[in-house]
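Chemist: Sharing query19.tsv (TSV, C-alpha atoms and all ligand atoms) below.
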```tsv
chain	number	residue	atom	x	y	z
A	1	MET	CA	37.92	283.87	37.62
A	2	PRO	CA	41.08	285.09	35.85
A	3	ALA	CA	43.43	282.41	34.53
A	4	PRO	CA	46.57	281.72	36.59
A	5	ALA	CA	48.70	283.56	34.00
A	6	GLU	CA	46.68	286.72	34.58
A	7	HIS	CA	47.81	286.91	38.18
A	8	SER	CA	50.75	289.08	39.21
A	9	ILE	CA	52.94	289.08	42.29
A	10	TYR	CA	53.83	292.37	43.97
A	11	ALA	CA	55.24	293.41	47.32
A	12	LEU	CA	52.41	294.06	49.75
A	13	GLU	CA	51.93	297.67	50.69
A	14	GLU	CA	50.15	299.47	53.50
A	15	LYS	CA	47.19	300.06	51.19
A	16	ASP	CA	46.68	296.28	50.98
A	17	ALA	CA	46.21	295.89	54.76
A	18	GLU	CA	42.43	295.62	54.65
A	19	ALA	CA	42.45	293.07	51.82
A	20	VAL	CA	45.12	290.92	53.50
A	21	SER	CA	43.26	290.92	56.82
A	22	SER	CA	40.03	290.02	55.06
A	23	LEU	CA	41.62	287.16	53.09
A	24	GLU	CA	43.30	285.92	56.27
A	25	SER	CA	39.92	285.89	58.06
A	26	ALA	CA	38.49	283.82	55.22
A	27	CYS	CA	41.35	281.29	55.34
A	28	PHE	CA	42.21	280.96	59.06
A	29	SER	CA	40.36	280.77	62.37
A	30	THR	CA	42.19	283.86	63.64
A	31	ALA	CA	43.48	286.85	61.70
A	32	PHE	CA	45.45	290.04	62.20
A	33	SER	CA	43.28	293.15	61.99
A	34	PRO	CA	43.71	295.70	59.18
A	35	GLU	CA	45.38	297.99	61.73
A	36	GLN	CA	47.92	295.29	62.67
A	37	TYR	CA	48.64	294.76	58.99
A	38	ARG	CA	49.02	298.48	58.44
A	39	ARG	CA	51.73	298.50	61.11
A	40	ILE	CA	53.49	295.54	59.50
A	41	LEU	CA	53.23	296.78	55.93
A	42	HIS	CA	54.05	300.44	56.43
A	43	ILE	CA	57.77	299.62	56.32
A	44	PRO	CA	58.74	299.61	52.65
A	45	PRO	CA	60.34	296.39	51.45
A	46	GLY	CA	64.08	296.65	51.34
A	47	ARG	CA	67.23	295.71	53.11
A	48	GLY	CA	66.11	296.89	56.56
A	49	ALA	CA	62.55	295.57	56.65
A	50	PRO	CA	61.86	292.80	59.21
A	51	PHE	CA	59.16	291.30	57.01
A	52	LEU	CA	58.77	290.25	53.42
A	53	GLY	CA	55.17	290.35	52.25
A	54	LEU	CA	54.12	289.36	48.75
A	55	GLY	CA	50.62	289.51	47.33
A	56	LEU	CA	49.17	287.53	44.45
A	57	PHE	CA	46.85	289.83	42.55
A	58	ALA	CA	44.21	289.30	39.88
A	59	PRO	CA	43.64	292.32	37.62
A	60	ALA	CA	42.60	295.59	39.35
A	61	ARG	CA	44.77	294.73	42.39
A	62	ASN	CA	42.31	292.08	43.52
A	63	LEU	CA	44.16	290.13	46.23
A	64	ARG	CA	43.90	286.37	45.71
A	65	GLY	CA	46.77	285.20	47.89
A	66	TYR	CA	49.60	286.38	50.10
A	67	VAL	CA	52.66	285.23	51.91
A	68	LEU	CA	54.23	286.92	54.92
A	69	ILE	CA	57.76	286.02	55.94
A	70	GLY	CA	59.59	287.23	59.03
A	71	LEU	CA	63.30	287.90	58.52
A	72	ARG	CA	65.94	287.28	61.19
A	73	ARG	CA	68.76	288.65	59.11
A	74	ALA	CA	71.50	288.45	61.75
A	75	ALA	CA	70.87	284.73	62.09
A	76	ARG	CA	70.38	284.35	58.33
A	77	GLU	CA	67.03	282.76	59.05
A	78	ALA	CA	63.48	283.46	58.01
A	79	GLU	CA	60.09	282.14	59.03
A	80	VAL	CA	57.00	281.82	56.88
A	81	TYR	CA	54.32	283.31	59.12
A	82	ASN	CA	51.42	282.90	56.76
A	83	LEU	CA	50.60	281.68	53.30
A	84	ALA	CA	47.10	281.59	51.85
A	85	VAL	CA	45.34	281.44	48.52
A	86	HIS	CA	41.68	282.39	48.16
A	87	GLY	CA	39.38	279.35	48.19
A	88	SER	CA	38.15	280.09	44.68
A	89	CYS	CA	41.56	279.69	43.06
A	90	ARG	CA	43.29	276.83	44.81
A	91	ARG	CA	45.01	273.91	43.07
A	92	LEU	CA	46.04	276.10	40.15
A	93	GLY	CA	49.68	276.29	41.18
A	94	LEU	CA	49.33	279.80	42.58
A	95	GLY	CA	50.37	278.97	46.15
A	96	ALA	CA	53.50	277.23	44.89
A	97	MET	CA	54.26	280.14	42.56
A	98	LEU	CA	53.86	282.68	45.36
A	99	LEU	CA	56.00	280.82	47.86
A	100	THR	CA	58.69	280.05	45.27
A	101	ARG	CA	58.92	283.75	44.43
A	102	ALA	CA	59.19	284.63	48.14
A	103	LEU	CA	61.89	282.02	48.71
A	104	ARG	CA	63.93	283.44	45.85
A	105	ALA	CA	63.59	286.87	47.41
A	106	VAL	CA	64.82	285.73	50.82
A	107	GLU	CA	67.71	283.89	49.20
A	108	VAL	CA	68.84	287.17	47.68
A	109	LEU	CA	68.92	288.60	51.23
A	110	SER	CA	71.49	285.91	52.19
A	111	ILE	CA	68.94	283.99	54.27
A	112	GLU	CA	70.17	280.40	54.56
A	113	GLN	CA	67.33	278.62	56.32
A	114	VAL	CA	63.59	279.10	56.17
A	115	PHE	CA	61.34	277.66	58.87
A	116	LEU	CA	57.61	277.36	59.13
A	117	GLU	CA	55.04	275.86	61.39
A	118	VAL	CA	52.05	273.92	60.11
A	119	ARG	CA	49.20	271.97	61.63
A	120	GLU	CA	49.81	268.26	61.39
A	121	GLY	CA	46.40	267.81	59.79
A	122	ASN	CA	46.83	270.50	57.15
A	123	HIS	CA	47.45	268.09	54.32
A	124	PRO	CA	47.21	270.58	51.42
A	125	ALA	CA	49.82	272.82	53.03
A	126	LEU	CA	52.08	269.88	53.95
A	127	ALA	CA	51.90	268.61	50.37
A	128	LEU	CA	52.77	272.04	49.03
A	129	TYR	CA	55.71	272.53	51.40
A	130	SER	CA	56.99	269.03	50.70
A	131	SER	CA	56.84	269.66	46.95
A	132	LEU	CA	59.04	272.74	47.45
A	133	GLY	CA	61.63	270.83	49.47
A	134	PHE	CA	60.69	271.65	53.08
A	135	GLU	CA	61.54	268.88	55.47
A	136	PHE	CA	60.48	267.91	58.95
A	137	CYS	CA	62.57	269.52	61.65
A	138	ASN	CA	60.63	269.35	64.93
A	139	ARG	CA	57.21	268.79	66.47
A	140	ARG	CA	55.40	270.89	69.06
A	141	ARG	CA	52.87	268.69	70.74
A	142	ALA	CA	49.31	269.96	71.28
A	143	TYR	CA	50.46	273.36	70.08
A	144	TYR	CA	47.13	274.64	68.74
A	145	ALA	CA	44.74	275.53	71.56
A	146	ASP	CA	41.59	275.30	69.41
A	147	SER	CA	42.09	271.70	68.21
A	148	GLY	CA	44.91	270.34	70.38
A	149	GLU	CA	46.73	269.49	67.15
A	150	ASP	CA	50.50	269.19	67.00
A	151	ALA	CA	52.52	271.77	65.08
A	152	LEU	CA	55.16	270.47	62.73
A	153	ILE	CA	58.20	272.66	62.22
A	154	LEU	CA	59.58	272.38	58.71
A	155	ARG	CA	62.82	273.73	57.33
A	156	LEU	CA	64.27	274.51	53.93
A	157	TYR	CA	67.91	275.31	53.29
A	158	THR	CA	68.17	278.06	50.72
A	159	ALA	CA	71.92	278.29	50.39
A	160	PRO	CA	74.43	276.00	48.79
A	161	GLY	CA	77.04	274.53	51.09
A	162	HIS	CA	74.72	272.33	53.10
A	163	ALA	CA	75.95	269.06	51.68
A	164	GLY	CA	73.22	266.49	51.43
A	165	GLN	CA	70.48	268.93	52.37
A	166	ARG	CA	67.68	269.79	50.00
A	167	THR	CA	67.78	273.40	48.96
A	168	ILE	CA	65.78	275.65	46.68
A	169	ALA	CA	68.34	274.95	43.97
A	170	SER	CA	67.91	271.20	44.36
A	171	ASN	CA	64.18	271.56	44.79
A	172	HIS	CA	62.21	268.64	43.50
A	173	LYS	CA	58.96	266.87	44.16
A	174	GLY	CA	59.47	264.61	47.14
A	175	LYS	CA	57.99	263.10	50.22
A	176	PHE	CA	58.80	263.84	53.82
A	177	ASP	CA	59.77	260.23	54.34
A	178	GLU	CA	62.71	260.74	51.97
A	179	ASN	CA	64.14	262.99	54.67
A	180	THR	CA	67.42	261.72	56.00
A	181	HIS	CA	68.11	264.54	58.41
A	182	GLY	CA	65.06	265.24	60.51
A	183	GLY	CA	63.50	261.81	60.74
A	184	GLN	CA	60.29	260.59	59.25
A	185	LEU	CA	57.04	262.33	60.05
A	186	GLU	CA	55.43	259.08	61.08
A	187	ASN	CA	58.11	258.27	63.62
A	188	VAL	CA	58.29	261.45	65.68
B	1	LIG	C1	47.90	275.62	51.31
B	1	LIG	C2	47.46	276.55	50.18
B	1	LIG	C3	48.17	277.90	50.33
B	1	LIG	C4	47.84	275.88	48.84
B	1	LIG	O1	47.58	276.84	47.79
B	1	LIG	P1	47.26	276.36	46.29
B	1	LIG	O2	47.39	277.53	45.42
B	1	LIG	O3	45.96	275.63	46.28
B	1	LIG	O4	48.43	275.33	46.04
B	1	LIG	P2	49.02	274.90	44.61
B	1	LIG	O5	47.91	274.81	43.61
B	1	LIG	O6	50.15	275.80	44.28
B	1	LIG	O7	49.54	273.44	44.92
B	1	LIG	C5	50.91	273.08	44.79
B	1	LIG	C6	51.06	271.65	45.28
B	1	LIG	O8	50.69	271.55	46.66
B	1	LIG	C7	49.97	270.31	46.88
B	1	LIG	N1	48.58	270.60	47.23
B	1	LIG	C8	47.98	271.82	47.28
B	1	LIG	N2	46.70	271.68	47.68
B	1	LIG	C9	46.49	270.37	47.87
B	1	LIG	C10	45.35	269.61	48.29
B	1	LIG	N3	44.18	270.18	48.58
B	1	LIG	N4	45.49	268.27	48.42
B	1	LIG	C11	46.66	267.67	48.13
B	1	LIG	N5	47.77	268.34	47.71
B	1	LIG	C12	47.68	269.67	47.59
B	1	LIG	C13	50.05	269.56	45.57
B	1	LIG	O9	51.26	268.82	45.60
B	1	LIG	C14	50.14	270.68	44.57
B	1	LIG	O10	50.71	270.31	43.35
B	1	LIG	P3	49.77	269.61	42.22
B	1	LIG	O11	48.53	270.46	42.10
B	1	LIG	O12	50.65	269.64	41.00
B	1	LIG	O13	49.46	268.25	42.73
B	1	LIG	C15	45.90	276.73	50.18
B	1	LIG	O14	45.29	275.45	50.26
B	1	LIG	C16	45.39	277.58	51.35
B	1	LIG	O15	45.37	278.80	51.26
B	1	LIG	N6	44.96	276.92	52.45
B	1	LIG	C17	44.39	277.66	53.60
B	1	LIG	C18	45.45	278.42	54.35
B	1	LIG	C19	46.55	277.51	54.86
B	1	LIG	O16	46.31	276.44	55.40
B	1	LIG	N7	47.81	277.98	54.67
B	1	LIG	C20	48.97	277.27	55.14
B	1	LIG	C21	49.24	277.64	56.56
B	1	LIG	S1	50.66	276.78	57.19
```
Please, can you express the file's structure as structure tokens?
Ligand SMILES: CC(C)(COP(=O)(O)OP(=O)(O)OC[C@H]1O[C@@H](n2cnc3c(N)ncnc32)[C@H](O)[C@@H]1OP(=O)(O)O)[C@@H](O)C(=O)NCCC(=O)NCCS

Modeler:
Amino acid sequence: MPAPAEHSIYALEEKDAEAVSSLESACFSTAFSPEQYRRILHIPPGRGAPFLGLGLFAPARNLRGYVLIGLRRAAREAEVYNLAVHGSCRRLGLGAMLLTRALRAVEVLSIEQVFLEVREGNHPALALYSSLGFEFCNRRRAYYADSGEDALILRLYTAPGHAGQRTIASNHKGKFDENTHGGQLENV
């Protein structure tokens, strides 16, 4: 397996559709098909694109992780639709590196808030999001049909001007129970 430093991050392109779909199938119980990904990724990244997709590649464009973010530019909001790192290279800091890069990219697009939805029992993902400053925002009870699990909605403010809120700039390792705005995870 290549060392973390040998991985590169590039914008996903239509030609990556098959690899993204395959990695998604390996990491989640349901996955978009290659054709669905072709439709998403055929729009070149840029100011008009409704999605931001970044891939984490080992040498020879070997996809090891990806993040897909939906952009609601008018509302200055974005939503992380999916983030995954291949099972063979987890806990190397690659997921954090990929998401941090994506968050910087959305910040440049004047996005002020980033939301995401995560299974309550997905402890690795919750730990990663917490470490990047995401905080509890809402809960959707019994949201996942397969397990009946609740979905937790997390939010990160990207822009300055939200006094007291944690932002990318003020990003630090922390726990959800430090949250003073959305309540504690345990209490909702
Ligand atoms: C969640 C996921 C993307 C994390 O990717 P990763 O590359 O392993 O994460 P990183 O190595 O960058 O971890 C960064 C931090 O997240 C936390 N973390 C990640 N995995 C963890 C685990 N298994 N247990 C506890 N904490 C974990 C830690 O705080 C870690 O920092 P540390 O290693 O310094 O302690 C990966 O586990 C994955 O692809 N899971 C399956 C798909 C998924 O659930 N995606 C999220 C959907 S909402």

Chemist: List every residue of chain A that has an atom at most 9 Å from any atom of ligand LIG 1 (chain B), giving for each one its closest atom pair and the distance in Å to one decimal, counting only C-alpha atoms and all ligand atoms, sorted by chain and then by ascending residue number, as a Markdown table.

Modeler:
```
| residue | atom | partner | partner_atom | distance |
| --- | --- | --- | --- | --- |
| A:Glu24 | CA | B:LIG1 | C18 | 8.0 |
| A:Ala26 | CA | B:LIG1 | C17 | 8.7 |
| A:Cys27 | CA | B:LIG1 | C17 | 5.0 |
| A:Phe28 | CA | B:LIG1 | C18 | 6.3 |
| A:Gly65 | CA | B:LIG1 | O15 | 7.4 |
| A:Tyr66 | CA | B:LIG1 | C3 | 8.6 |
| A:Val67 | CA | B:LIG1 | C3 | 8.7 |
| A:Val80 | CA | B:LIG1 | S1 | 8.1 |
| A:Tyr81 | CA | B:LIG1 | S1 | 7.7 |
| A:Asn82 | CA | B:LIG1 | C21 | 5.7 |
| A:Leu83 | CA | B:LIG1 | N7 | 4.8 |
| A:Ala84 | CA | B:LIG1 | O15 | 3.3 |
| A:Val85 | CA | B:LIG1 | O15 | 3.8 |
| A:His86 | CA | B:LIG1 | O15 | 6.0 |
| A:Gly87 | CA | B:LIG1 | O15 | 6.8 |
| A:Cys89 | CA | B:LIG1 | O2 | 6.7 |
| A:Arg90 | CA | B:LIG1 | O3 | 3.3 |
| A:Arg91 | CA | B:LIG1 | O5 | 3.1 |
| A:Leu92 | CA | B:LIG1 | O5 | 4.1 |
| A:Gly93 | CA | B:LIG1 | O6 | 3.2 |
| A:Leu94 | CA | B:LIG1 | O2 | 4.1 |
| A:Gly95 | CA | B:LIG1 | O2 | 3.4 |
| A:Ala96 | CA | B:LIG1 | O6 | 3.7 |
| A:Met97 | CA | B:LIG1 | O6 | 6.2 |
| A:Leu98 | CA | B:LIG1 | O6 | 7.9 |
| A:Leu99 | CA | B:LIG1 | O6 | 8.5 |
| A:Leu116 | CA | B:LIG1 | S1 | 7.2 |
| A:Glu117 | CA | B:LIG1 | S1 | 6.1 |
| A:Val118 | CA | B:LIG1 | S1 | 4.3 |
| A:Arg119 | CA | B:LIG1 | S1 | 6.7 |
| A:Asn122 | CA | B:LIG1 | O16 | 6.2 |
| A:His123 | CA | B:LIG1 | N4 | 6.2 |
| A:Pro124 | CA | B:LIG1 | C9 | 3.6 |
| A:Ala125 | CA | B:LIG1 | C1 | 3.8 |
| A:Leu126 | CA | B:LIG1 | C7 | 7.4 |
| A:Ala127 | CA | B:LIG1 | C7 | 4.3 |
| A:Leu128 | CA | B:LIG1 | O8 | 3.2 |
| A:Tyr129 | CA | B:LIG1 | O8 | 7.0 |
| A:Ser130 | CA | B:LIG1 | O9 | 7.7 |
| A:Ser131 | CA | B:LIG1 | O9 | 5.8 |
| A:Leu132 | CA | B:LIG1 | C6 | 8.3 |
| A:Lys173 | CA | B:LIG1 | O9 | 8.1 |
```

Chemist: Can you tell me how far CA of Ile9 in chain A sits from CA of Leu56 in chain A, in Å to one decimal?

Modeler: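 If I compute the distance from CA of Ile9 in chain A to CA of Leu56 in chain A, I get 4.6 Å.
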
Chemist: Which is closer to Ile69 in chain A than all the others in A:Ala5, A:Ile111, A:Ala102, A:Leu154, using only C-alpha atoms?

Modeler: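 Among the listed residues, A:Ala102 lies closest to Ile69 in chain A.
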
Chemist: Figure out the distance between CA of Phe51 in chain A and CA of Lys15 in chain A, please, to one decimal in Å.

Modeler: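 One can read the CA of Lys15 in chain A to CA of Phe51 in chain A distance as 15.9 Å.
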
Chemist: Find the distance between CA of Asp150 in chain A and CA of Glu120 in chain A and write it in Å to one decimal.

Modeler: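 Result for CA of Asp150 in chain A versus CA of Glu120 in chain A: 5.7 Å, one decimal.
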
Chemist: Of the candidates A:Thr30, A:Ser8, A:Thr100, A:Ser110, which one gets nearest to Arg64 in chain A if we count all atoms listed in the file?

Modeler: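 Once distances to Arg64 in chain A are computed over all atoms listed in the file, the minimum belongs to A:Ser8.
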
Chemist: Using only C-alpha atoms, which of the listed residues (A:Leu156, A:Leu71, A:Ala31, A:Val20) sits closest to Gln113 in chain A?

Modeler: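 Counting only C-alpha atoms, the residue closest to Gln113 in chain A is A:Leu156.
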